[in-house]
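Visitor: Input structure: start.txt, which contains compact mmCIF, C-alpha atoms.
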```
# COMPACT_ATOMS: atom_id res chain seq x y z
CA MET E 1352 0.00 0.00 0.00
CA ARG E 1353 1.31 3.43 -0.90
CA ASP E 1354 -0.09 6.48 0.85
CA ILE E 1355 -0.64 9.74 -1.03
CA PHE E 1356 -1.34 12.87 1.02
CA ILE E 1357 -2.96 15.76 -0.87
CA ILE E 1358 -2.92 19.19 0.73
CA GLY E 1359 -3.72 22.66 -0.62
CA SER E 1360 -7.32 22.23 -1.78
CA LYS E 1361 -10.20 23.28 0.44
CA GLY E 1362 -11.18 19.62 0.49
CA ILE E 1363 -13.87 17.23 -0.64
CA PRO E 1364 -16.75 16.85 -1.28
CA ALA E 1365 -16.02 19.66 -3.73
CA SER E 1366 -18.13 22.78 -3.93
CA TYR E 1367 -16.21 25.21 -6.08
CA GLY E 1368 -12.63 25.65 -7.20
CA GLY E 1369 -10.18 23.97 -9.54
CA PHE E 1370 -8.17 22.06 -6.97
CA GLU E 1371 -11.31 20.86 -5.19
CA THR E 1372 -12.78 19.56 -8.45
CA PHE E 1373 -9.48 17.88 -9.28
CA VAL E 1374 -9.29 16.03 -5.95
CA GLU E 1375 -12.98 15.09 -6.19
CA GLN E 1376 -12.43 13.42 -9.57
CA LEU E 1377 -9.06 11.91 -8.65
CA THR E 1378 -10.65 10.03 -5.76
CA ARG E 1379 -13.84 9.22 -7.68
CA TYR E 1380 -12.01 7.53 -10.56
CA LYS E 1381 -9.35 5.76 -8.48
CA LYS E 1382 -8.70 2.19 -9.68
CA ASP E 1383 -5.44 1.07 -8.04
CA ARG E 1384 -6.19 -0.69 -4.74
CA LYS E 1385 -2.55 -0.38 -3.71
CA LEU E 1386 -2.87 3.40 -3.47
CA ARG E 1387 -4.61 5.19 -0.61
CA TYR E 1388 -5.45 8.88 -0.76
CA HIS E 1389 -5.44 11.15 2.29
CA VAL E 1390 -7.04 14.55 1.68
CA ALA E 1391 -6.76 17.72 3.78
CA CYS E 1392 -10.08 19.57 4.23
CA MET E 1393 -10.44 23.11 5.54
CA ALA E 1394 -13.05 23.13 8.32
CA ASP E 1395 -14.34 24.88 11.43
CA GLY E 1396 -13.25 22.00 13.60
CA HIS E 1397 -11.15 18.86 13.68
CA GLY E 1398 -12.19 15.41 12.57
CA GLU E 1399 -11.61 12.57 10.14
CA PHE E 1400 -13.97 10.82 7.74
CA GLU E 1401 -13.98 8.68 4.62
CA TYR E 1402 -15.26 9.93 1.27
CA GLN E 1403 -14.99 8.00 -2.01
CA LYS E 1404 -12.67 5.61 -0.16
CA ALA E 1405 -10.27 8.45 0.62
CA HIS E 1406 -9.22 9.26 4.18
CA CYS E 1407 -10.14 12.90 4.76
CA PHE E 1408 -8.79 14.93 7.68
CA GLN E 1409 -10.13 18.31 8.74
CA ILE E 1410 -7.89 21.23 9.58
CA LYS E 1411 -9.27 24.14 11.59
CA VAL E 1412 -7.86 27.43 10.34
CA PRO E 1413 -8.18 30.86 12.02
CA ASP E 1414 -9.44 33.79 9.97
CA ILE E 1415 -6.18 35.73 9.56
CA GLY E 1416 -6.54 37.15 6.06
CA PRO E 1417 -4.15 36.14 3.24
CA ALA E 1418 -1.99 34.22 5.73
CA ARG E 1419 -4.90 31.83 6.30
CA ALA E 1420 -3.93 29.72 3.27
CA ILE E 1421 -0.33 29.49 4.47
CA TRP E 1422 -1.45 28.43 7.95
CA TYR E 1423 -3.75 25.82 6.44
CA ASP E 1424 -1.06 24.24 4.27
CA LEU E 1425 1.44 24.17 7.14
CA ALA E 1426 -1.05 22.68 9.59
CA ALA E 1427 -2.04 20.06 7.03
CA PHE E 1428 1.60 19.16 6.32
CA PHE E 1429 2.35 18.72 10.03
CA PHE E 1430 -0.75 16.51 10.34
CA CYS E 1431 0.63 14.37 7.50
CA LEU E 1432 4.00 14.03 9.23
CA ARG E 1433 2.35 12.99 12.52
CA TYR E 1434 0.10 10.49 10.73
CA ILE E 1435 3.02 9.02 8.78
CA ARG E 1436 5.06 8.63 11.97
CA ALA E 1437 2.21 7.20 14.05
CA ASN E 1438 1.28 4.64 11.39
CA ARG E 1439 4.87 3.87 10.36
CA LEU E 1440 4.10 4.43 6.71
CA LYS E 1441 6.77 3.60 4.15
CA ALA E 1442 7.65 5.79 1.15
CA PRO E 1443 4.65 8.14 1.46
CA VAL E 1444 4.03 10.94 -1.03
CA VAL E 1445 2.95 14.43 0.03
CA TYR E 1446 1.44 16.33 -2.91
CA VAL E 1447 1.14 20.07 -2.25
CA LEU E 1448 -1.24 22.03 -4.46
CA ALA E 1449 0.01 25.61 -5.04
CA CYS E 1450 3.18 27.37 -3.87
CA ARG E 1451 2.21 29.01 -0.59
CA ILE E 1452 4.66 27.57 1.94
CA GLY E 1453 7.99 28.02 0.17
CA PRO E 1454 9.98 29.42 3.13
CA PHE E 1455 9.12 26.33 5.18
CA THR E 1456 9.52 23.72 2.44
CA GLY E 1457 13.18 22.86 3.04
CA PHE E 1458 12.47 22.07 6.71
CA LEU E 1459 9.32 20.09 5.93
CA LYS E 1460 11.03 18.10 3.20
CA ARG E 1461 13.83 17.07 5.57
CA LYS E 1462 11.20 15.79 8.02
CA LEU E 1463 9.47 13.89 5.23
CA LYS E 1464 12.70 12.33 3.97
CA LYS E 1465 13.27 10.74 7.37
CA HIS E 1466 10.29 8.52 6.51
CA GLY E 1467 11.47 7.84 2.96
CA GLY E 1468 8.85 10.19 1.55
CA ASN E 1469 8.69 12.23 -1.62
CA LEU E 1470 7.52 15.82 -2.01
CA LEU E 1471 5.45 16.70 -5.07
CA VAL E 1472 4.25 20.20 -5.85
CA ASN E 1473 1.66 21.53 -8.28
CA PRO E 1474 2.80 25.12 -9.00
CA ASP E 1475 -0.73 26.06 -10.12
CA GLY E 1476 -0.80 29.34 -12.03
CA HIS E 1477 0.94 32.66 -11.50
CA GLU E 1478 -0.50 33.47 -8.08
CA TRP E 1479 1.96 36.34 -7.75
CA MET E 1480 0.31 38.05 -10.74
CA ARG E 1481 -3.19 38.19 -9.29
CA ALA E 1482 -4.47 41.76 -9.04
CA LYS E 1483 -6.25 41.17 -5.74
CA TRP E 1484 -2.94 40.95 -3.87
CA SER E 1485 -0.93 43.93 -2.63
CA ARG E 1486 2.66 44.34 -3.81
CA PRO E 1487 4.22 42.82 -0.63
CA ILE E 1488 1.95 39.77 -0.85
CA ARG E 1489 2.76 39.31 -4.54
CA ALA E 1490 6.46 39.45 -3.66
CA TYR E 1491 5.90 36.72 -1.06
CA TRP E 1492 4.05 34.47 -3.54
CA LYS E 1493 6.87 34.82 -6.08
CA PHE E 1494 9.53 34.10 -3.44
CA SER E 1495 7.51 31.15 -2.16
CA GLU E 1496 7.19 29.75 -5.69
CA LYS E 1497 10.96 29.88 -6.14
CA LEU E 1498 11.64 27.96 -2.93
CA MET E 1499 9.01 25.31 -3.61
CA VAL E 1500 10.46 24.72 -7.06
CA LYS E 1501 13.91 24.48 -5.51
CA HIS E 1502 12.95 21.85 -2.91
CA ALA E 1503 10.31 19.73 -4.69
CA ASP E 1504 11.27 16.23 -5.77
CA LEU E 1505 8.90 16.68 -8.70
CA LEU E 1506 6.70 19.51 -9.99
CA VAL E 1507 3.45 18.38 -11.61
CA CYS E 1508 2.30 21.10 -14.02
CA ASP E 1509 -1.29 21.16 -15.22
CA SER E 1510 -0.38 22.91 -18.48
CA LYS E 1511 2.54 22.68 -20.90
CA ASN E 1512 2.83 26.46 -20.82
CA MET E 1513 3.33 26.34 -17.05
CA GLU E 1514 5.88 23.54 -17.40
CA ARG E 1515 7.88 25.62 -19.90
CA TYR E 1516 7.74 28.60 -17.52
CA ILE E 1517 9.07 26.52 -14.61
CA GLN E 1518 11.86 24.99 -16.68
CA HIS E 1519 12.95 28.35 -18.09
CA THR E 1520 12.57 30.59 -15.03
CA TYR E 1521 14.16 28.18 -12.55
CA ARG E 1522 16.64 26.35 -14.78
CA ARG E 1523 19.42 26.95 -12.21
CA TYR E 1524 17.64 24.43 -9.96
CA ALA E 1525 17.29 21.89 -12.78
CA PRO E 1526 13.69 21.19 -11.71
CA LYS E 1527 12.16 17.81 -12.48
CA THR E 1528 8.72 18.30 -13.99
CA ALA E 1529 5.82 16.29 -15.34
CA PHE E 1530 2.77 17.46 -17.25
CA ILE E 1531 -0.64 16.19 -16.14
CA ALA E 1532 -3.71 18.30 -16.91
CA TYR E 1533 -7.07 18.33 -15.16
CA GLY E 1534 -9.99 16.26 -16.38
CA ALA E 1535 -13.59 16.65 -17.48
CA ASP E 1536 -16.33 14.52 -19.01
CA VAL E 1537 -18.70 14.81 -21.94
CA LYS E 1538 -21.67 13.00 -20.42
CA ALA E 1539 -24.97 14.82 -20.82
CA ALA E 1540 -26.54 16.19 -17.66
CA SER E 1541 -28.94 13.84 -15.92
CA LEU E 1542 -31.58 16.60 -15.66
CA ALA E 1543 -34.27 16.86 -18.33
CA ASP E 1544 -35.23 20.24 -19.80
CA THR E 1545 -38.49 19.95 -17.89
CA ASP E 1546 -36.90 19.16 -14.53
CA GLU E 1547 -38.46 21.39 -11.89
CA THR E 1548 -35.06 22.29 -10.40
CA LEU E 1549 -33.89 23.63 -13.75
CA VAL E 1550 -37.20 25.30 -14.61
CA ALA E 1551 -37.28 26.99 -11.19
CA TRP E 1552 -33.72 28.26 -11.66
CA TYR E 1553 -34.57 29.76 -15.05
CA ARG E 1554 -37.73 31.29 -13.64
CA LYS E 1555 -35.85 32.82 -10.72
CA TRP E 1556 -33.38 34.62 -12.97
CA GLY E 1557 -35.60 35.38 -15.94
CA LEU E 1558 -33.61 33.20 -18.35
CA GLU E 1559 -34.57 30.82 -21.16
CA PRO E 1560 -32.65 27.89 -22.65
CA GLY E 1561 -30.50 28.94 -25.61
CA ALA E 1562 -31.13 32.63 -24.98
CA TYR E 1563 -28.17 33.50 -22.77
CA PHE E 1564 -24.41 33.74 -22.85
CA LEU E 1565 -22.72 32.28 -19.78
CA ILE E 1566 -19.77 33.07 -17.51
CA VAL E 1567 -18.78 30.79 -14.63
CA GLY E 1568 -15.85 31.62 -12.37
CA ARG E 1569 -14.46 33.64 -9.50
CA PHE E 1570 -15.23 37.35 -9.72
CA VAL E 1571 -11.66 38.65 -9.73
CA PRO E 1572 -9.86 41.17 -11.98
CA GLU E 1573 -7.55 38.67 -13.71
CA ASN E 1574 -10.58 36.84 -15.09
CA ASN E 1575 -11.25 39.97 -17.18
CA TYR E 1576 -14.82 40.63 -16.12
CA GLU E 1577 -14.47 44.30 -17.01
CA THR E 1578 -13.67 43.50 -20.63
CA MET E 1579 -16.40 40.87 -20.90
CA LEU E 1580 -19.08 43.10 -19.37
CA ARG E 1581 -18.12 46.17 -21.41
CA GLU E 1582 -18.00 44.22 -24.66
CA PHE E 1583 -21.35 42.58 -23.98
CA MET E 1584 -22.91 45.93 -23.10
CA SER E 1585 -21.76 47.29 -26.47
CA THR E 1586 -23.67 44.61 -28.42
CA LYS E 1587 -27.25 44.79 -29.62
CA THR E 1588 -28.05 41.16 -28.90
CA ASP E 1589 -31.40 40.38 -27.33
CA LYS E 1590 -29.83 37.48 -25.46
CA LYS E 1591 -28.87 37.82 -21.80
CA LEU E 1592 -25.55 37.36 -20.05
CA ALA E 1593 -25.78 35.01 -17.07
CA VAL E 1594 -22.90 35.33 -14.59
CA ILE E 1595 -22.55 32.48 -12.11
CA SER E 1596 -20.18 33.74 -9.44
CA ASN E 1597 -20.12 34.62 -5.77
CA VAL E 1598 -20.08 38.43 -5.66
CA GLU E 1599 -21.37 38.96 -2.12
CA GLU E 1600 -19.17 41.35 -0.15
CA ASN E 1601 -16.75 41.45 -3.10
CA PRO E 1602 -14.99 44.86 -3.29
CA PHE E 1603 -14.04 44.30 -6.93
CA TYR E 1604 -17.70 43.77 -7.84
CA HIS E 1605 -18.68 47.09 -6.30
CA ARG E 1606 -15.73 48.93 -7.90
CA LEU E 1607 -16.61 47.52 -11.31
CA LYS E 1608 -20.28 48.37 -10.84
CA ALA E 1609 -19.39 52.00 -10.13
CA LYS E 1610 -16.97 52.07 -13.06
CA THR E 1611 -19.09 50.45 -15.78
CA HIS E 1612 -22.69 50.82 -14.49
CA PHE E 1613 -23.45 47.32 -15.71
CA GLU E 1614 -26.52 47.29 -13.47
CA ARG E 1615 -28.21 49.58 -16.00
CA ASP E 1616 -28.14 46.83 -18.63
CA SER E 1617 -31.12 44.62 -17.88
CA ARG E 1618 -29.62 41.85 -20.01
CA ILE E 1619 -26.85 41.22 -17.47
CA VAL E 1620 -27.96 38.82 -14.74
CA PHE E 1621 -25.84 37.86 -11.74
CA CYS E 1622 -27.13 34.46 -10.71
CA GLY E 1623 -25.17 33.78 -7.55
CA THR E 1624 -23.55 30.37 -7.21
CA VAL E 1625 -24.64 26.91 -8.36
CA TYR E 1626 -23.18 24.05 -6.35
CA GLU E 1627 -25.32 21.22 -7.73
CA GLU E 1628 -23.17 19.46 -10.35
CA GLN E 1629 -25.92 18.27 -12.70
CA LEU E 1630 -27.80 21.57 -12.60
CA LEU E 1631 -24.66 23.50 -13.53
CA LYS E 1632 -23.92 21.07 -16.33
CA LYS E 1633 -27.43 21.51 -17.74
CA ILE E 1634 -27.10 25.30 -17.55
CA ARG E 1635 -23.86 25.01 -19.51
CA GLU E 1636 -25.47 22.77 -22.13
CA ASN E 1637 -28.29 25.24 -22.74
CA ALA E 1638 -26.07 28.32 -23.06
CA CYS E 1639 -25.80 30.08 -26.41
CA ALA E 1640 -22.04 30.35 -25.73
CA TYR E 1641 -19.61 30.28 -22.84
CA LEU E 1642 -17.26 33.23 -22.19
CA HIS E 1643 -13.88 32.49 -20.61
CA GLY E 1644 -11.65 35.39 -19.60
CA HIS E 1645 -9.15 33.65 -17.30
CA GLU E 1646 -5.68 35.03 -17.89
CA VAL E 1647 -3.66 33.73 -14.94
CA GLY E 1648 -3.14 30.07 -14.29
CA GLY E 1649 -2.71 26.78 -16.06
CA THR E 1650 -5.37 24.43 -17.33
CA ASN E 1651 -8.60 25.76 -15.84
CA PRO E 1652 -11.21 23.16 -14.78
CA SER E 1653 -14.13 25.47 -15.56
CA LEU E 1654 -12.87 25.72 -19.14
CA LEU E 1655 -12.64 21.94 -19.43
CA GLU E 1656 -16.18 21.61 -18.08
CA ALA E 1657 -17.39 24.14 -20.63
CA LEU E 1658 -15.73 22.29 -23.51
CA GLY E 1659 -17.39 19.09 -22.32
CA SER E 1660 -20.86 20.66 -22.12
CA THR E 1661 -21.18 23.86 -24.18
CA ASP E 1662 -21.02 23.83 -27.98
CA VAL E 1663 -19.70 27.36 -28.52
CA ASN E 1664 -16.83 28.60 -26.36
CA LEU E 1665 -15.34 32.10 -26.61
CA LEU E 1666 -11.91 32.16 -24.97
CA LEU E 1667 -9.44 34.91 -24.16
CA ASP E 1668 -6.50 34.34 -26.50
CA VAL E 1669 -3.67 33.48 -24.12
CA GLY E 1670 -1.37 30.46 -24.23
CA PHE E 1671 -3.06 28.59 -21.39
CA ASN E 1672 -6.50 28.77 -23.03
CA ARG E 1673 -5.38 28.10 -26.60
CA GLU E 1674 -3.44 25.06 -25.39
CA VAL E 1675 -6.68 23.59 -24.06
CA GLY E 1676 -9.22 24.80 -26.61
CA GLY E 1677 -7.18 24.32 -29.78
CA PRO E 1678 -9.41 24.37 -32.87
CA ALA E 1679 -12.52 23.68 -30.79
CA ALA E 1680 -13.07 27.27 -29.66
CA LEU E 1681 -13.27 30.87 -30.88
CA TYR E 1682 -10.79 33.39 -29.50
CA TRP E 1683 -10.84 37.06 -28.53
CA THR E 1684 -8.37 39.62 -27.24
CA LYS E 1685 -8.70 42.50 -24.80
CA GLU E 1686 -8.68 45.02 -27.65
CA LYS E 1687 -11.88 47.04 -27.92
CA GLY E 1688 -14.37 45.38 -30.24
CA SER E 1689 -12.70 41.96 -30.33
CA LEU E 1690 -15.09 40.13 -28.01
CA LYS E 1691 -18.04 42.14 -29.37
CA ALA E 1692 -17.33 40.67 -32.82
CA ARG E 1693 -17.14 37.16 -31.40
CA LEU E 1694 -20.40 37.61 -29.51
CA LYS E 1695 -22.08 38.72 -32.72
CA GLU E 1696 -20.60 35.72 -34.54
CA ALA E 1697 -21.80 33.30 -31.87
CA ASP E 1698 -25.23 34.91 -31.96
CA THR E 1699 -25.59 34.23 -35.68
CA LEU E 1700 -24.20 30.69 -35.95
CA ASP E 1701 -26.67 28.16 -37.29
CA GLU E 1702 -27.32 24.85 -35.53
CA ALA E 1703 -24.97 22.90 -37.82
CA GLN E 1704 -22.10 25.28 -37.10
CA LYS E 1705 -22.75 25.12 -33.36
CA LYS E 1706 -22.82 21.33 -33.38
CA GLN E 1707 -19.57 21.22 -35.35
CA LEU E 1708 -17.82 23.33 -32.73
CA GLY E 1709 -19.40 21.24 -29.97
CA SER E 1710 -18.16 18.05 -31.59
CA ARG E 1711 -14.62 19.43 -31.73
CA ALA E 1712 -14.82 20.51 -28.09
CA LYS E 1713 -15.94 17.10 -26.89
CA HIS E 1714 -13.23 15.46 -28.98
CA ARG E 1715 -10.65 17.60 -27.17
CA ILE E 1716 -11.93 16.34 -23.82
CA LEU E 1717 -12.15 12.70 -24.82
CA THR E 1718 -8.66 12.56 -26.34
CA ALA E 1719 -6.71 14.67 -23.86
CA TYR E 1720 -8.70 15.58 -20.75
CA SER E 1721 -11.00 12.77 -19.67
CA HIS E 1722 -11.31 12.19 -15.91
CA GLU E 1723 -10.40 8.53 -16.32
CA LYS E 1724 -7.27 9.33 -18.33
CA ILE E 1725 -6.06 11.94 -15.83
CA ALA E 1726 -6.74 9.74 -12.79
CA GLN E 1727 -4.89 6.81 -14.37
CA THR E 1728 -1.94 9.03 -15.29
CA TYR E 1729 -1.67 10.19 -11.69
CA GLU E 1730 -1.85 6.63 -10.40
CA GLU E 1731 0.97 5.64 -12.73
CA LEU E 1732 3.03 8.56 -11.42
CA PHE E 1733 2.35 7.76 -7.77
CA ARG E 1734 3.22 4.10 -8.24
CA HIS E 1735 6.63 4.74 -9.76
CA ILE E 1736 7.98 7.97 -8.27
```
Could the structure of this file be written out as structure tokens, please?
Guide:
Amino acid sequence: MRDIFIIGSKGIPASYGGFETFVEQLTRYKKDRKLRYHVACMADGHGEFEYQKAHCFQIKVPDIGPARAIWYDLAAFFFCLRYIRANRLKAPVVYVLACRIGPFTGFLKRKLKKHGGNLLVNPDGHEWMRAKWSRPIRAYWKFSEKLMVKHADLLVCDSKNMERYIQHTYRRYAPKTAFIAYGADVKAASLADTDETLVAWYRKWGLEPGAYFLIVGRFVPENNYETMLREFMSTKTDKKLAVISNVEENPFYHRLKAKTHFERDSRIVFCGTVYEEQLLKKIRENACAYLHGHEVGGTNPSLLEALGSTDVNLLLDVGFNREVGGPAALYWTKEKGSLKARLKEADTLDEAQKKQLGSRAKHRILTAYSHEKIAQTYEELFRHI
């Protein structure tokens, strides 16, 4: 039996977030009985439980602002070390998602090596580029990234663009890297068009199937909401723009509202969050097109989910997104009028053209990003590291 400890996600069962979705699917599609997953879960208390045959352990974290994530990762790592020691585990693997605890990594790795363990790190995206952070915090994230790259036994990159960045930027450390993306599926939603849950959701927000563009993702500046909202507002489409995101008590939301006055456009509908997996999938399927403005990060799970469910996908033209979408999507830039033109194009596509794009999108998922394929690739890695 080989034990794999995964820390850095908020935990499972997953609600929202790329890492959470990844861990949810990794445990769901596990096949190798000689591997056992242990998953850290952020919680209000302490406890342990089993979910999808994974051992889950809860870590209570104080509300201390940006340092909360660092505290969480450190507390989770120390739990792993105690568990490994108490159970006399041999050759365990600790897989850290994101580069938040760089200054402590050398010390933690030495502790882990005493038990014959290996340290794996997923560098995620460019956390140090996110606009929400102040300059000192960005400097910390960049410094932390450098140290985690330096000390990791292996860096698992979820995009080839990120792998190239790591190899080039930190070549003095000769980092060992592997590329494994996230996964998605192309199964149709289990909800029928007449399902009361779906019908009630549409009724609540004044939406109709096929008559809305869709955005799903965190409401943060680097996801280019300002560009997407401004460009949509400049169109004459009679379709609506449904935004599924948590904007409660979000300072950026209020700043953008004051700056763009998007509330004056009755076509723009903020729909809160949707945590029910099949409902969200059905909403994706019925969208006229999906808009993806993520600029920072590697392979984004919400993009994979869109390609698996939505026929027409309009993606910001950056390396991370083009790597995933390939010929299965339409691309736009941040230049004025670029997305507006794509929205008009999507609005006028006939059914045959939409289905052709949808077929390409699903082919991308099936050949490169299926949950089963990703889970099996990880199992192969964990067996032989």
Visitor: Residues at most 12 Å from E:Ala1712, counting all atoms listed in the file, excluding those fewer than 5 positions away in the same chain, as a list of chain:residue names?
Guide: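 Everything that qualifies: E:Ala1535, E:Asp1536, E:Val1537, E:Leu1654, E:Leu1655, E:Glu1656, E:Ala1657, E:Leu1658, E:Gly1659, E:Ser1660, E:Thr1661, E:Asp1662, E:Val1663, E:Asn1664, E:Leu1665, E:Val1675, E:Gly1676, E:Gly1677, E:Pro1678, E:Ala1679, E:Ala1680, E:Leu1681, E:Lys1705, E:Lys1706, E:Gln1707, E:Leu1717, E:Thr1718, E:Ala1719, E:Tyr1720.
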Visitor: Please check which residues have atoms at most 7 Å from (-29.8, 33.2, -28.0) in the file's coordinates, counting all atoms listed in the file, and write them as a ChimeraX atom specification.
Guide: /E:1561-1563,1590,1639,1698
Visitor: Please indicate the distance in Å from atom CA of E:Glu1600 to atom CA of E:Pro1417, rounded to one decimal place.
Guide: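 Separation between atom CA of E:Glu1600 and atom CA of E:Pro1417: 16.3 Å.
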Visitor: What does the distance between atom CA of E:Val1571 and atom CA of E:Phe1455 come to in Å, to one decimal place?
Guide: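 Separating atom CA of E:Val1571 from atom CA of E:Phe1455 is a distance of 28.4 Å.
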Visitor: Which is closest to E:Ser1596 among E:Ala1697, E:Cys1622, E:Ala1420, E:Leu1470, if we use all atoms listed in the file?
Guide: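 Answer, going by the shortest atom-to-atom distance: E:Cys1622.
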Visitor: Calculate how many Å separate atom CA of E:Trp1492 from atom CA of E:Arg1451, rounding to one decimal.
Guide: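 Calculated distance between atom CA of E:Trp1492 and atom CA of E:Arg1451 is 6.5 Å.
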Visitor: Taking into account all atoms listed in the file, which residue in the set E:Ile1736, E:Ala1640, E:Thr1624, E:Tyr1604 is nearest to E:Leu1700?
Guide: E:Ala1640
Visitor: Using all atoms listed in the file, which residues sit within 7 Å of stretch 1509-1511 of chain E once same-chain residues fewer than 2 positions away are excluded, as a list in words?
Guide: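 Counting all atoms listed in the file, the residues come to Val1507, Met1513, Glu1514, Arg1515, Phe1530, Ile1531, Ala1532, Tyr1533, Gly1649, Thr1650 and Phe1671 of chain E.
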Visitor: Within 12 Å of (-10.5, 11.7, -8.3), in the coordinates the file gives, what residues turn up when you count only C-alpha atoms, written out as a PDB file with C-alpha atoms, in the frame of the given file?
Guide:
```pdb
ATOM      1  CA  ILE E1357      -2.960  15.760  -0.870  1.00  0.00           C
ATOM      2  CA  GLY E1362     -11.180  19.620   0.490  1.00  0.00           C
ATOM      3  CA  ILE E1363     -13.870  17.230  -0.640  1.00  0.00           C
ATOM      4  CA  PRO E1364     -16.750  16.850  -1.280  1.00  0.00           C
ATOM      5  CA  ALA E1365     -16.020  19.660  -3.730  1.00  0.00           C
ATOM      6  CA  PHE E1370      -8.170  22.060  -6.970  1.00  0.00           C
ATOM      7  CA  GLU E1371     -11.310  20.860  -5.190  1.00  0.00           C
ATOM      8  CA  THR E1372     -12.780  19.560  -8.450  1.00  0.00           C
ATOM      9  CA  PHE E1373      -9.480  17.880  -9.280  1.00  0.00           C
ATOM     10  CA  VAL E1374      -9.290  16.030  -5.950  1.00  0.00           C
ATOM     11  CA  GLU E1375     -12.980  15.090  -6.190  1.00  0.00           C
ATOM     12  CA  GLN E1376     -12.430  13.420  -9.570  1.00  0.00           C
ATOM     13  CA  LEU E1377      -9.060  11.910  -8.650  1.00  0.00           C
ATOM     14  CA  THR E1378     -10.650  10.030  -5.760  1.00  0.00           C
ATOM     15  CA  ARG E1379     -13.840   9.220  -7.680  1.00  0.00           C
ATOM     16  CA  TYR E1380     -12.010   7.530 -10.560  1.00  0.00           C
ATOM     17  CA  LYS E1381      -9.350   5.760  -8.480  1.00  0.00           C
ATOM     18  CA  LYS E1382      -8.700   2.190  -9.680  1.00  0.00           C
ATOM     19  CA  ASP E1383      -5.440   1.070  -8.040  1.00  0.00           C
ATOM     20  CA  ARG E1387      -4.610   5.190  -0.610  1.00  0.00           C
ATOM     21  CA  TYR E1388      -5.450   8.880  -0.760  1.00  0.00           C
ATOM     22  CA  HIS E1389      -5.440  11.150   2.290  1.00  0.00           C
ATOM     23  CA  VAL E1390      -7.040  14.550   1.680  1.00  0.00           C
ATOM     24  CA  TYR E1402     -15.260   9.930   1.270  1.00  0.00           C
ATOM     25  CA  GLN E1403     -14.990   8.000  -2.010  1.00  0.00           C
ATOM     26  CA  LYS E1404     -12.670   5.610  -0.160  1.00  0.00           C
ATOM     27  CA  ALA E1405     -10.270   8.450   0.620  1.00  0.00           C
ATOM     28  CA  TYR E1533      -7.070  18.330 -15.160  1.00  0.00           C
ATOM     29  CA  GLY E1534      -9.990  16.260 -16.380  1.00  0.00           C
ATOM     30  CA  ALA E1535     -13.590  16.650 -17.480  1.00  0.00           C
ATOM     31  CA  SER E1721     -11.000  12.770 -19.670  1.00  0.00           C
ATOM     32  CA  HIS E1722     -11.310  12.190 -15.910  1.00  0.00           C
ATOM     33  CA  GLU E1723     -10.400   8.530 -16.320  1.00  0.00           C
ATOM     34  CA  LYS E1724      -7.270   9.330 -18.330  1.00  0.00           C
ATOM     35  CA  ILE E1725      -6.060  11.940 -15.830  1.00  0.00           C
ATOM     36  CA  ALA E1726      -6.740   9.740 -12.790  1.00  0.00           C
ATOM     37  CA  GLN E1727      -4.890   6.810 -14.370  1.00  0.00           C
ATOM     38  CA  THR E1728      -1.940   9.030 -15.290  1.00  0.00           C
ATOM     39  CA  TYR E1729      -1.670  10.190 -11.690  1.00  0.00           C
ATOM     40  CA  GLU E1730      -1.850   6.630 -10.400  1.00  0.00           C
TER      41      GLU E1730
END
```
Visitor: Mind checking which residues fall within 10 Å of E:Pro1413, counting only C-alpha atoms, ignoring those fewer than 6 positions away in the same chain, and posting them as number ranges by chain?
Guide: E: 1394-1395, 1419-1420, 1422-1423
Visitor: Extract, using all atoms listed in the file, all DNA, RNA and protein residues at most 10 Å from E:Phe1613, discarding same-chain residues fewer than 6 positions from it, and format them as number ranges by chain.
Guide: E: 1577, 1580-1581, 1583-1584, 1607, 1619-1620
Visitor: Can you work out which one of E:Glu1731, E:Glu1582, E:Glu1628, E:Asp1354 has the shortest atom-to-atom distance to E:Leu1642, counting all atoms listed in the file?
Guide: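 The answer is E:Glu1582, which sits nearest to E:Leu1642.
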